[in-house]
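Enquirer: The file below is input.pdb, PDB, C-alpha atoms and all ligand atoms:
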```pdb
ATOM      1  CA  MET A   1      27.535 -94.881 119.544  1.00  0.00           C
ATOM      2  CA  ALA A   2      27.893 -97.924 117.328  1.00  0.00           C
ATOM      3  CA  ASP A   3      30.674 -99.266 119.576  1.00  0.00           C
ATOM      4  CA  ALA A   4      28.694 -98.683 122.752  1.00  0.00           C
ATOM      5  CA  ALA A   5      25.167 -99.800 121.817  1.00  0.00           C
ATOM      6  CA  ASP A   6      23.243-102.448 119.856  1.00  0.00           C
ATOM      7  CA  ILE A   7      20.654-100.079 118.383  1.00  0.00           C
ATOM      8  CA  ILE A   8      20.974 -96.363 117.615  1.00  0.00           C
ATOM      9  CA  LEU A   9      18.066 -93.942 118.030  1.00  0.00           C
ATOM     10  CA  LEU A  10      18.198 -90.493 116.420  1.00  0.00           C
ATOM     11  CA  GLY A  11      15.647 -88.003 117.697  1.00  0.00           C
ATOM     12  CA  GLY A  12      15.275 -85.780 114.634  1.00  0.00           C
ATOM     13  CA  ASP A  13      17.006 -82.758 113.100  1.00  0.00           C
ATOM     14  CA  LEU A  14      19.002 -85.235 111.075  1.00  0.00           C
ATOM     15  CA  CYS A  15      19.931 -82.341 108.759  1.00  0.00           C
ATOM     16  CA  ASP A  16      20.845 -78.751 109.532  1.00  0.00           C
ATOM     17  CA  THR A  17      18.905 -76.807 106.911  1.00  0.00           C
ATOM     18  CA  GLY A  18      16.868 -79.683 105.487  1.00  0.00           C
ATOM     19  CA  LEU A  19      18.979 -80.251 102.360  1.00  0.00           C
ATOM     20  CA  PRO A  20      19.269 -83.679 100.716  1.00  0.00           C
ATOM     21  CA  GLU A  21      23.073 -83.175 100.563  1.00  0.00           C
ATOM     22  CA  GLU A  22      23.089 -83.065 104.355  1.00  0.00           C
ATOM     23  CA  ALA A  23      21.079 -86.275 104.543  1.00  0.00           C
ATOM     24  CA  GLU A  24      23.632 -87.863 102.183  1.00  0.00           C
ATOM     25  CA  ILE A  25      26.395 -87.030 104.669  1.00  0.00           C
ATOM     26  CA  LEU A  26      24.507 -88.769 107.469  1.00  0.00           C
ATOM     27  CA  ALA A  27      23.640 -91.728 105.237  1.00  0.00           C
ATOM     28  CA  LYS A  28      27.328 -92.133 104.373  1.00  0.00           C
ATOM     29  CA  GLU A  29      28.235 -92.180 108.075  1.00  0.00           C
ATOM     30  CA  LEU A  30      25.519 -94.691 108.977  1.00  0.00           C
ATOM     31  CA  THR A  31      25.783 -97.175 106.105  1.00  0.00           C
ATOM     32  CA  PRO A  32      29.035 -98.871 107.152  1.00  0.00           C
ATOM     33  CA  LEU A  33      27.964 -99.266 110.792  1.00  0.00           C
ATOM     34  CA  ARG A  34      25.860-102.412 110.309  1.00  0.00           C
ATOM     35  CA  ILE A  35      23.855-101.572 113.409  1.00  0.00           C
ATOM     36  CA  PRO A  36      20.091-100.943 113.348  1.00  0.00           C
ATOM     37  CA  VAL A  37      19.197 -97.245 113.307  1.00  0.00           C
ATOM     38  CA  VAL A  38      15.767 -95.914 114.269  1.00  0.00           C
ATOM     39  CA  ALA A  39      14.986 -92.243 113.661  1.00  0.00           C
ATOM     40  CA  VAL A  40      12.312 -89.587 113.424  1.00  0.00           C
ATOM     41  CA  LEU A  41      12.506 -86.336 111.495  1.00  0.00           C
ATOM     42  CA  GLY A  42      12.802 -82.941 113.203  1.00  0.00           C
ATOM     43  CA  ASN A  43      11.763 -79.427 112.215  1.00  0.00           C
ATOM     44  CA  HIS A  44      15.161 -78.742 110.583  1.00  0.00           C
ATOM     45  CA  ASP A  45      14.516 -81.618 108.181  1.00  0.00           C
ATOM     46  CA  PHE A  46      11.538 -79.695 106.762  1.00  0.00           C
ATOM     47  CA  GLU A  47      13.287 -76.328 106.339  1.00  0.00           C
ATOM     48  CA  ALA A  48      14.065 -76.717 102.620  1.00  0.00           C
ATOM     49  CA  GLY A  49      10.761 -78.396 101.718  1.00  0.00           C
ATOM     50  CA  LYS A  50      12.637 -81.582 100.785  1.00  0.00           C
ATOM     51  CA  ALA A  51      11.583 -83.940 103.561  1.00  0.00           C
ATOM     52  CA  VAL A  52      10.441 -86.588 101.053  1.00  0.00           C
ATOM     53  CA  GLU A  53      13.930 -86.720  99.507  1.00  0.00           C
ATOM     54  CA  ILE A  54      15.515 -86.869 102.939  1.00  0.00           C
ATOM     55  CA  ILE A  55      13.272 -89.780 103.908  1.00  0.00           C
ATOM     56  CA  ASP A  56      14.257 -91.572 100.677  1.00  0.00           C
ATOM     57  CA  ILE A  57      17.974 -91.079 101.200  1.00  0.00           C
ATOM     58  CA  LEU A  58      17.958 -92.260 104.807  1.00  0.00           C
ATOM     59  CA  SER A  59      15.548 -95.143 104.199  1.00  0.00           C
ATOM     60  CA  ASN A  60      17.804 -96.355 101.381  1.00  0.00           C
ATOM     61  CA  ALA A  61      20.670 -96.247 103.858  1.00  0.00           C
ATOM     62  CA  GLY A  62      18.711 -98.674 106.057  1.00  0.00           C
ATOM     63  CA  VAL A  63      17.394 -96.204 108.627  1.00  0.00           C
ATOM     64  CA  ASN A  64      14.003 -97.126 110.147  1.00  0.00           C
ATOM     65  CA  LEU A  65      12.406 -93.684 109.799  1.00  0.00           C
ATOM     66  CA  LEU A  66       9.285 -93.680 111.940  1.00  0.00           C
ATOM     67  CA  ASP A  67       6.515 -91.233 111.094  1.00  0.00           C
ATOM     68  CA  GLY A  68       3.551 -92.682 112.940  1.00  0.00           C
ATOM     69  CA  LYS A  69       4.917 -96.179 112.445  1.00  0.00           C
ATOM     70  CA  SER A  70       6.573 -98.791 114.622  1.00  0.00           C
ATOM     71  CA  CYS A  71       9.274-101.390 114.183  1.00  0.00           C
ATOM     72  CA  GLU A  72      10.636-104.290 116.185  1.00  0.00           C
ATOM     73  CA  ILE A  73      14.345-104.918 116.652  1.00  0.00           C
ATOM     74  CA  TYR A  74      15.844-107.620 118.885  1.00  0.00           C
ATOM     75  CA  GLY A  75      12.407-108.087 120.466  1.00  0.00           C
ATOM     76  CA  ILE A  76      12.057-104.415 121.406  1.00  0.00           C
ATOM     77  CA  GLY A  77       9.264-102.339 119.903  1.00  0.00           C
ATOM     78  CA  PHE A  78       9.926 -98.772 118.765  1.00  0.00           C
ATOM     79  CA  ALA A  79       7.152 -96.274 118.047  1.00  0.00           C
ATOM     80  CA  GLY A  80       8.036 -92.912 116.577  1.00  0.00           C
ATOM     81  CA  ALA A  81       6.668 -89.626 115.303  1.00  0.00           C
ATOM     82  CA  LYS A  82       8.100 -86.145 114.950  1.00  0.00           C
ATOM     83  CA  GLY A  83       5.496 -84.509 117.146  1.00  0.00           C
ATOM     84  CA  PHE A  84       4.741 -80.799 117.078  1.00  0.00           C
ATOM     85  CA  ALA A  85       4.478 -77.676 119.199  1.00  0.00           C
ATOM     86  CA  GLY A  86       1.539 -76.042 120.984  1.00  0.00           C
ATOM     87  CA  GLY A  87       2.395 -75.874 124.664  1.00  0.00           C
ATOM     88  CA  PHE A  88       1.590 -77.759 127.793  1.00  0.00           C
ATOM     89  CA  GLY A  89      -1.231 -78.525 130.189  1.00  0.00           C
ATOM     90  CA  GLU A  90      -3.997 -76.027 130.720  1.00  0.00           C
ATOM     91  CA  ARG A  91      -2.006 -73.365 128.853  1.00  0.00           C
ATOM     92  CA  ALA A  92      -1.770 -75.378 125.630  1.00  0.00           C
ATOM     93  CA  LEU A  93      -2.945 -73.626 122.485  1.00  0.00           C
ATOM     94  CA  GLN A  94      -6.595 -74.421 121.726  1.00  0.00           C
ATOM     95  CA  PRO A  95      -8.233 -74.617 118.281  1.00  0.00           C
ATOM     96  CA  TRP A  96     -10.185 -71.393 118.588  1.00  0.00           C
ATOM     97  CA  GLY A  97     -10.323 -68.202 116.518  1.00  0.00           C
ATOM     98  CA  GLU A  98      -8.367 -67.766 113.309  1.00  0.00           C
ATOM     99  CA  SER A  99      -8.114 -70.668 110.891  1.00  0.00           C
ATOM    100  CA  THR A 100      -4.303 -70.473 111.157  1.00  0.00           C
ATOM    101  CA  ILE A 101      -4.518 -71.187 114.887  1.00  0.00           C
ATOM    102  CA  LYS A 102      -6.869 -74.086 114.207  1.00  0.00           C
ATOM    103  CA  ALA A 103      -4.474 -75.456 111.580  1.00  0.00           C
ATOM    104  CA  PHE A 104      -1.572 -75.189 114.040  1.00  0.00           C
ATOM    105  CA  VAL A 105      -3.449 -77.154 116.695  1.00  0.00           C
ATOM    106  CA  HIS A 106      -4.670 -79.601 114.058  1.00  0.00           C
ATOM    107  CA  GLU A 107      -1.040 -80.371 113.206  1.00  0.00           C
ATOM    108  CA  ALA A 108      -0.260 -81.188 116.859  1.00  0.00           C
ATOM    109  CA  VAL A 109      -3.360 -83.369 117.161  1.00  0.00           C
ATOM    110  CA  GLY A 110      -2.365 -85.170 113.956  1.00  0.00           C
ATOM    111  CA  GLU A 111       1.113 -85.908 115.288  1.00  0.00           C
ATOM    112  CA  ALA A 112      -0.358 -87.200 118.561  1.00  0.00           C
ATOM    113  CA  LEU A 113      -2.628 -89.517 116.556  1.00  0.00           C
ATOM    114  CA  LYS A 114       0.374 -90.746 114.583  1.00  0.00           C
ATOM    115  CA  LEU A 115       2.183 -91.552 117.816  1.00  0.00           C
ATOM    116  CA  GLU A 116      -0.913 -93.268 119.171  1.00  0.00           C
ATOM    117  CA  SER A 117      -1.342 -95.501 116.130  1.00  0.00           C
ATOM    118  CA  ALA A 118       2.364 -96.402 116.225  1.00  0.00           C
ATOM    119  CA  LEU A 119       2.109 -97.305 119.916  1.00  0.00           C
ATOM    120  CA  ALA A 120      -1.094 -99.279 119.368  1.00  0.00           C
ATOM    121  CA  GLY A 121       0.727-101.408 116.799  1.00  0.00           C
ATOM    122  CA  LEU A 122       3.380-102.618 119.239  1.00  0.00           C
ATOM    123  CA  ARG A 123       3.085-106.154 120.570  1.00  0.00           C
ATOM    124  CA  THR A 124       6.398-106.461 122.422  1.00  0.00           C
ATOM    125  CA  PRO A 125       6.645-106.259 126.225  1.00  0.00           C
ATOM    126  CA  LYS A 126       9.607-103.891 125.928  1.00  0.00           C
ATOM    127  CA  ARG A 127       8.707-100.663 124.128  1.00  0.00           C
ATOM    128  CA  VAL A 128      10.408 -97.345 123.454  1.00  0.00           C
ATOM    129  CA  ALA A 129       8.911 -94.145 122.039  1.00  0.00           C
ATOM    130  CA  LEU A 130      10.918 -91.696 119.961  1.00  0.00           C
ATOM    131  CA  LEU A 131       9.906 -88.093 119.260  1.00  0.00           C
ATOM    132  CA  HIS A 132      11.517 -84.863 118.184  1.00  0.00           C
ATOM    133  CA  TYR A 133       9.264 -82.475 120.119  1.00  0.00           C
ATOM    134  CA  ALA A 134       8.861 -82.790 123.897  1.00  0.00           C
ATOM    135  CA  PRO A 135       5.708 -84.499 125.193  1.00  0.00           C
ATOM    136  CA  ILE A 136       5.963 -82.969 128.684  1.00  0.00           C
ATOM    137  CA  LEU A 137       6.854 -79.641 130.232  1.00  0.00           C
ATOM    138  CA  ASP A 138       9.513 -81.064 132.607  1.00  0.00           C
ATOM    139  CA  THR A 139      12.168 -81.556 129.949  1.00  0.00           C
ATOM    140  CA  VAL A 140      11.845 -78.099 128.393  1.00  0.00           C
ATOM    141  CA  VAL A 141      12.309 -76.314 131.709  1.00  0.00           C
ATOM    142  CA  GLY A 142      15.636 -74.498 131.493  1.00  0.00           C
ATOM    143  CA  GLU A 143      14.820 -72.959 128.125  1.00  0.00           C
ATOM    144  CA  PRO A 144      13.497 -69.373 128.078  1.00  0.00           C
ATOM    145  CA  PRO A 145       9.834 -69.702 129.218  1.00  0.00           C
ATOM    146  CA  GLU A 146       8.736 -67.587 126.236  1.00  0.00           C
ATOM    147  CA  ILE A 147       9.534 -70.479 123.885  1.00  0.00           C
ATOM    148  CA  PHE A 148       8.108 -73.391 125.923  1.00  0.00           C
ATOM    149  CA  PRO A 149       5.022 -73.638 123.657  1.00  0.00           C
ATOM    150  CA  PHE A 150       7.268 -74.013 120.578  1.00  0.00           C
ATOM    151  CA  LEU A 151       9.220 -76.923 122.061  1.00  0.00           C
ATOM    152  CA  GLY A 152       6.494 -79.504 122.426  1.00  0.00           C
ATOM    153  CA  SER A 153       2.933 -80.383 123.206  1.00  0.00           C
ATOM    154  CA  SER A 154       1.068 -82.159 125.996  1.00  0.00           C
ATOM    155  CA  ARG A 155      -1.080 -83.700 123.304  1.00  0.00           C
ATOM    156  CA  LEU A 156       1.854 -86.066 122.722  1.00  0.00           C
ATOM    157  CA  GLU A 157       1.731 -87.216 126.345  1.00  0.00           C
ATOM    158  CA  ASP A 158      -1.821 -88.621 126.229  1.00  0.00           C
ATOM    159  CA  PRO A 159      -0.964 -91.627 124.001  1.00  0.00           C
ATOM    160  CA  LEU A 160       2.097 -92.367 126.152  1.00  0.00           C
ATOM    161  CA  ASN A 161      -0.107 -92.647 129.224  1.00  0.00           C
ATOM    162  CA  ARG A 162      -2.591 -94.853 127.356  1.00  0.00           C
ATOM    163  CA  TYR A 163       0.038 -97.165 125.801  1.00  0.00           C
ATOM    164  CA  PRO A 164       2.865 -97.316 128.338  1.00  0.00           C
ATOM    165  CA  VAL A 165       6.453 -97.624 127.175  1.00  0.00           C
ATOM    166  CA  THR A 166       9.734 -98.272 128.946  1.00  0.00           C
ATOM    167  CA  ALA A 167      11.145 -94.885 128.069  1.00  0.00           C
ATOM    168  CA  VAL A 168      10.583 -91.884 125.819  1.00  0.00           C
ATOM    169  CA  PHE A 169      13.342 -89.990 124.039  1.00  0.00           C
ATOM    170  CA  HIS A 170      13.037 -86.602 122.357  1.00  0.00           C
ATOM    171  CA  GLY A 171      15.261 -83.837 120.998  1.00  0.00           C
ATOM    172  CA  HIS A 172      14.585 -80.188 120.092  1.00  0.00           C
ATOM    173  CA  ALA A 173      14.893 -78.646 123.594  1.00  0.00           C
ATOM    174  CA  HIS A 174      18.545 -77.603 123.465  1.00  0.00           C
ATOM    175  CA  ARG A 175      18.617 -76.057 126.904  1.00  0.00           C
ATOM    176  CA  GLY A 176      15.897 -78.045 128.643  1.00  0.00           C
ATOM    177  CA  ALA A 177      16.178 -80.483 131.525  1.00  0.00           C
ATOM    178  CA  PRO A 178      17.744 -83.874 130.742  1.00  0.00           C
ATOM    179  CA  LYS A 179      15.007 -85.962 132.302  1.00  0.00           C
ATOM    180  CA  GLY A 180      11.366 -85.852 133.325  1.00  0.00           C
ATOM    181  CA  ALA A 181       8.379 -88.171 133.538  1.00  0.00           C
ATOM    182  CA  THR A 182       4.855 -88.411 132.195  1.00  0.00           C
ATOM    183  CA  LYS A 183       1.904 -88.210 134.593  1.00  0.00           C
ATOM    184  CA  SER A 184       1.881 -92.009 134.647  1.00  0.00           C
ATOM    185  CA  GLY A 185       5.575 -92.091 135.629  1.00  0.00           C
ATOM    186  CA  ILE A 186       7.156 -93.050 132.304  1.00  0.00           C
ATOM    187  CA  PRO A 187      10.693 -91.639 132.114  1.00  0.00           C
ATOM    188  CA  VAL A 188      11.222 -89.033 129.398  1.00  0.00           C
ATOM    189  CA  TYR A 189      14.772 -88.204 128.290  1.00  0.00           C
ATOM    190  CA  ASN A 190      15.718 -85.041 126.440  1.00  0.00           C
ATOM    191  CA  VAL A 191      18.567 -86.120 124.169  1.00  0.00           C
ATOM    192  CA  ALA A 192      19.035 -82.882 122.237  1.00  0.00           C
ATOM    193  CA  LYS A 193      22.767 -82.824 121.566  1.00  0.00           C
ATOM    194  CA  PRO A 194      23.519 -79.372 123.085  1.00  0.00           C
ATOM    195  CA  ASP A 195      21.625 -80.432 126.204  1.00  0.00           C
ATOM    196  CA  LEU A 196      23.625 -83.660 126.544  1.00  0.00           C
ATOM    197  CA  GLN A 197      26.847 -81.720 125.981  1.00  0.00           C
ATOM    198  CA  SER A 198      26.101 -79.329 128.809  1.00  0.00           C
ATOM    199  CA  THR A 199      24.727 -82.030 131.157  1.00  0.00           C
ATOM    200  CA  PHE A 200      27.576 -84.478 130.541  1.00  0.00           C
ATOM    201  CA  PRO A 201      30.545 -82.354 129.431  1.00  0.00           C
ATOM    202  CA  ASP A 202      33.030 -85.190 129.989  1.00  0.00           C
ATOM    203  CA  ARG A 203      31.452 -87.836 127.816  1.00  0.00           C
ATOM    204  CA  PRO A 204      30.150 -88.197 124.267  1.00  0.00           C
ATOM    205  CA  PRO A 205      26.687 -86.657 123.713  1.00  0.00           C
ATOM    206  CA  PHE A 206      24.438 -89.702 123.746  1.00  0.00           C
ATOM    207  CA  ARG A 207      22.608 -91.801 126.307  1.00  0.00           C
ATOM    208  CA  ILE A 208      22.528 -95.567 126.622  1.00  0.00           C
ATOM    209  CA  LEU A 209      19.384 -97.290 127.843  1.00  0.00           C
ATOM    210  CA  ASP A 210      20.052-100.782 129.195  1.00  0.00           C
ATOM    211  CA  MET A 211      16.947-102.708 128.137  1.00  0.00           C
ATOM    212  CA  GLU A 212      18.003-105.679 130.275  1.00  0.00           C
ATOM    213  CA  SER A 213      17.349-103.532 133.339  1.00  0.00           C
ATOM    214  CA  VAL A 214      13.867-102.379 132.383  1.00  0.00           C
ATOM    215  CA  ASP A 215      12.101-104.681 134.822  1.00  0.00           C
ATOM    216  CA  SER A 216      13.737-102.829 137.690  1.00  0.00           C
ATOM    217  CA  GLU A 217      12.020 -99.809 139.165  1.00  0.00           C
ATOM    218  CA  GLU A 218      13.916 -97.468 136.916  1.00  0.00           C
ATOM    219  CA  PRO A 219      15.869 -98.578 133.866  1.00  0.00           C
ATOM    220  CA  ARG A 220      19.611 -98.012 133.955  1.00  0.00           C
ATOM    221  CA  ILE A 221      20.588 -95.187 131.664  1.00  0.00           C
TER     222      ILE A 221
HETATM  223 FE    FE B   1      14.395 -79.210 116.420  1.00  0.00          FE
END
```
Hey, can you dump this file as structure tokens for me?

Expert:
Amino acid sequence: MADAADIILLGGDLCDTGLPEEAEILAKELTPLRIPVVAVLGNHDFEAGKAVEIIDILSNAGVNLLDGKSCEIYGIGFAGAKGFAGGFGERALQPWGESTIKAFVHEAVGEALKLESALAGLRTPKRVALLHYAPILDTVVGEPPEIFPFLGSSRLEDPLNRYPVTAVFHGHAHRGAPKGATKSGIPVYNVAKPDLQSTFPDRPPFRILDMESVDSEEPRI
């Protein structure tokens, strides 16, 4: 990736079981690259209850870890948040009934607000959003339908339609579709590694977005 691109984006699940030792391995790989890295955390990074340590380790390695924040690199704005689950469209989980259900929905709303405040902070004409969970249904299609609601939330799409970006990247949906679009036509790319491996078996599992081409109808990727 470092040879092929100017900036690396990592869409979460930076660790396997959320252990600081795993984050150290990634930090060791990234430190010598001398290329800007932008990342969000994923659900795996929370598994061991050590997300704060993981953030410390990767931030010290120079990674721009975005959790409701934005950053600007080479004139391009990046807004990022992990996101959360809850389902899509009219079938999305609503905050009704048990307090646990309300807390679940509250978490998704909170992540959408984080994304919104990150997007609102961007002042660059070229902007990219990075998530772990999917903001639209399109890119989870291909997974078993029973787990769609655990793969993302439409609540994450609303800020993307209000604060348009050039492209959105997310992970988490291992067997989803590689590409979709928000209601306002913003391209959304599922870059979960297993998904890239099955979509592009003959090339390394990452995508390259050519930001020079973003003024064209559809950016080259
Ligand atoms: Fe995940």

Enquirer: Distance atom CA of Val128 of chain A-atom CA of Pro187 of chain A, one decimal place?

Expert: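 Between atom CA of Val128 of chain A and atom CA of Pro187 of chain A the gap works out to 10.4 Å.
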
Enquirer: Let me see if you get this right: every residue at most 6 Å from ligand FE 1 (chain B), counting only C-alpha atoms and all ligand atoms, written as a list in words.

Expert: Asp13, Gly42, Asn43, His44 and His172 of chain A

Enquirer: Please, what distance in Å, to one decimal, runs between atom CA of Val37 of chain A and atom CA of Val140 of chain A?

Expert: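 These atoms are spaced 25.5 Å apart.
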
Enquirer: Pull out every residue that the PyMOL selection byres (((chain A and resi 69-85) around 8) and not hetatm) matches in the shown coordinates and put them as a compact mmCIF listing (two decimals) with C-alpha atoms, keeping the file's coordinate frame.

Expert:
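Contents of out05.txt, freshly written:
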```txt
# COMPACT_ATOMS: atom_id res chain seq x y z
CA GLY A 12 15.28 -85.78 114.63
CA PRO A 36 20.09 -100.94 113.35
CA VAL A 38 15.77 -95.91 114.27
CA ALA A 39 14.99 -92.24 113.66
CA VAL A 40 12.31 -89.59 113.42
CA LEU A 41 12.51 -86.34 111.50
CA GLY A 42 12.80 -82.94 113.20
CA ASN A 64 14.00 -97.13 110.15
CA LEU A 66 9.28 -93.68 111.94
CA ASP A 67 6.52 -91.23 111.09
CA GLY A 68 3.55 -92.68 112.94
CA GLY A 86 1.54 -76.04 120.98
CA GLY A 87 2.40 -75.87 124.66
CA GLU A 107 -1.04 -80.37 113.21
CA ALA A 108 -0.26 -81.19 116.86
CA GLU A 111 1.11 -85.91 115.29
CA ALA A 112 -0.36 -87.20 118.56
CA LYS A 114 0.37 -90.75 114.58
CA LEU A 115 2.18 -91.55 117.82
CA SER A 117 -1.34 -95.50 116.13
CA ALA A 118 2.36 -96.40 116.22
CA LEU A 119 2.11 -97.30 119.92
CA GLY A 121 0.73 -101.41 116.80
CA LEU A 122 3.38 -102.62 119.24
CA ARG A 123 3.08 -106.15 120.57
CA THR A 124 6.40 -106.46 122.42
CA PRO A 125 6.64 -106.26 126.22
CA LYS A 126 9.61 -103.89 125.93
CA ARG A 127 8.71 -100.66 124.13
CA VAL A 128 10.41 -97.34 123.45
CA ALA A 129 8.91 -94.14 122.04
CA LEU A 130 10.92 -91.70 119.96
CA LEU A 131 9.91 -88.09 119.26
CA HIS A 132 11.52 -84.86 118.18
CA TYR A 133 9.26 -82.48 120.12
CA ALA A 134 8.86 -82.79 123.90
CA PRO A 149 5.02 -73.64 123.66
CA PHE A 150 7.27 -74.01 120.58
CA LEU A 151 9.22 -76.92 122.06
CA GLY A 152 6.49 -79.50 122.43
CA SER A 153 2.93 -80.38 123.21
CA LEU A 156 1.85 -86.07 122.72
```

Enquirer: Which of these, A:Ile136, A:Ile101, A:Ala173, A:Ile186, has the shortest distance to Gly89 of chain A once you count all atoms listed in the file?

Expert: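 Nearest to Gly89 of chain A: A:Ile136.
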
Enquirer: Report the residues retrieved by the PyMOL selection byres (((chain A and resi 204) around 12) and not hetatm) from the displayed file, expressed as a PDB file with C-alpha atoms, in the frame of the given file.

Expert:
```pdb
ATOM      1  CA  MET A   1      27.535 -94.881 119.544  1.00  0.00           C
ATOM      2  CA  ALA A   4      28.694 -98.683 122.752  1.00  0.00           C
ATOM      3  CA  VAL A 191      18.567 -86.120 124.169  1.00  0.00           C
ATOM      4  CA  LYS A 193      22.767 -82.824 121.566  1.00  0.00           C
ATOM      5  CA  PRO A 194      23.519 -79.372 123.085  1.00  0.00           C
ATOM      6  CA  ASP A 195      21.625 -80.432 126.204  1.00  0.00           C
ATOM      7  CA  LEU A 196      23.625 -83.660 126.544  1.00  0.00           C
ATOM      8  CA  GLN A 197      26.847 -81.720 125.981  1.00  0.00           C
ATOM      9  CA  SER A 198      26.101 -79.329 128.809  1.00  0.00           C
ATOM     10  CA  THR A 199      24.727 -82.030 131.157  1.00  0.00           C
ATOM     11  CA  PHE A 200      27.576 -84.478 130.541  1.00  0.00           C
ATOM     12  CA  PRO A 201      30.545 -82.354 129.431  1.00  0.00           C
ATOM     13  CA  ASP A 202      33.030 -85.190 129.989  1.00  0.00           C
ATOM     14  CA  ARG A 203      31.452 -87.836 127.816  1.00  0.00           C
ATOM     15  CA  PRO A 205      26.687 -86.657 123.713  1.00  0.00           C
ATOM     16  CA  PHE A 206      24.438 -89.702 123.746  1.00  0.00           C
ATOM     17  CA  ARG A 207      22.608 -91.801 126.307  1.00  0.00           C
ATOM     18  CA  ILE A 208      22.528 -95.567 126.622  1.00  0.00           C
TER      19      ILE A 208
END
```

Enquirer: Could you tell me which of A:Ala177, A:Ala167, A:Asn161, A:Arg34 comes closest to Thr139 of chain A if we count only C-alpha atoms?

Expert: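 Distance minimum relative to Thr139 of chain A lands on A:Ala177.
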
Enquirer: For the file shown, report as a list in words the outcome of the PyMOL selection byres (((chain A and resi 25) around 12) and not hetatm) at residue level.

Expert: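 Matching residues under the PyMOL selection byres (((chain A and resi 25) around 12) and not hetatm) are Leu14, Cys15, Asp16, Leu19, Pro20, Glu21, Glu22, Ala23, Glu24, Leu26, Ala27, Lys28, Glu29, Leu30, Thr31, Ile54, Ile57, Leu58 and Ala61 of chain A.
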
Enquirer: Kindly give the distance, in Å, that separates atom CA of Thr182 of chain A and atom CA of Leu160 of chain A, rounded to a single decimal.

Expert: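 We find that atom CA of Thr182 of chain A and atom CA of Leu160 of chain A lie 7.7 Å from each other.
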
Enquirer: Which residue, A:Phe169, A:Trp96, A:Phe148, A:Tyr189, has the smallest gap to Leu9 of chain A when you use only C-alpha atoms?

Expert: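 The answer is A:Phe169, which sits nearest to Leu9 of chain A.
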
Enquirer: Restricting the calculation to all atoms listed in the file, which member of A:Ser154, A:Glu90, A:Val63, A:Leu113 is positioned closest to Ile7 of chain A?

Expert: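 Selected residue with least distance to Ile7 of chain A: A:Val63.
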
Enquirer: Closest to Gly18 of chain A among A:Ala2, A:Leu65, A:Ala51, A:Val188, using all atoms listed in the file?

Expert: A:Ala51

Enquirer: For each of A:Gly185, A:Gly176, A:Gly142, A:Gly110, take the minimum atom-to-atom distance to Arg162 of chain A, counting all atoms listed in the file, then give the residue where this is smallest.

Expert: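 Nearest candidate to Arg162 of chain A out of A:Gly185, A:Gly176, A:Gly142, A:Gly110: A:Gly185.
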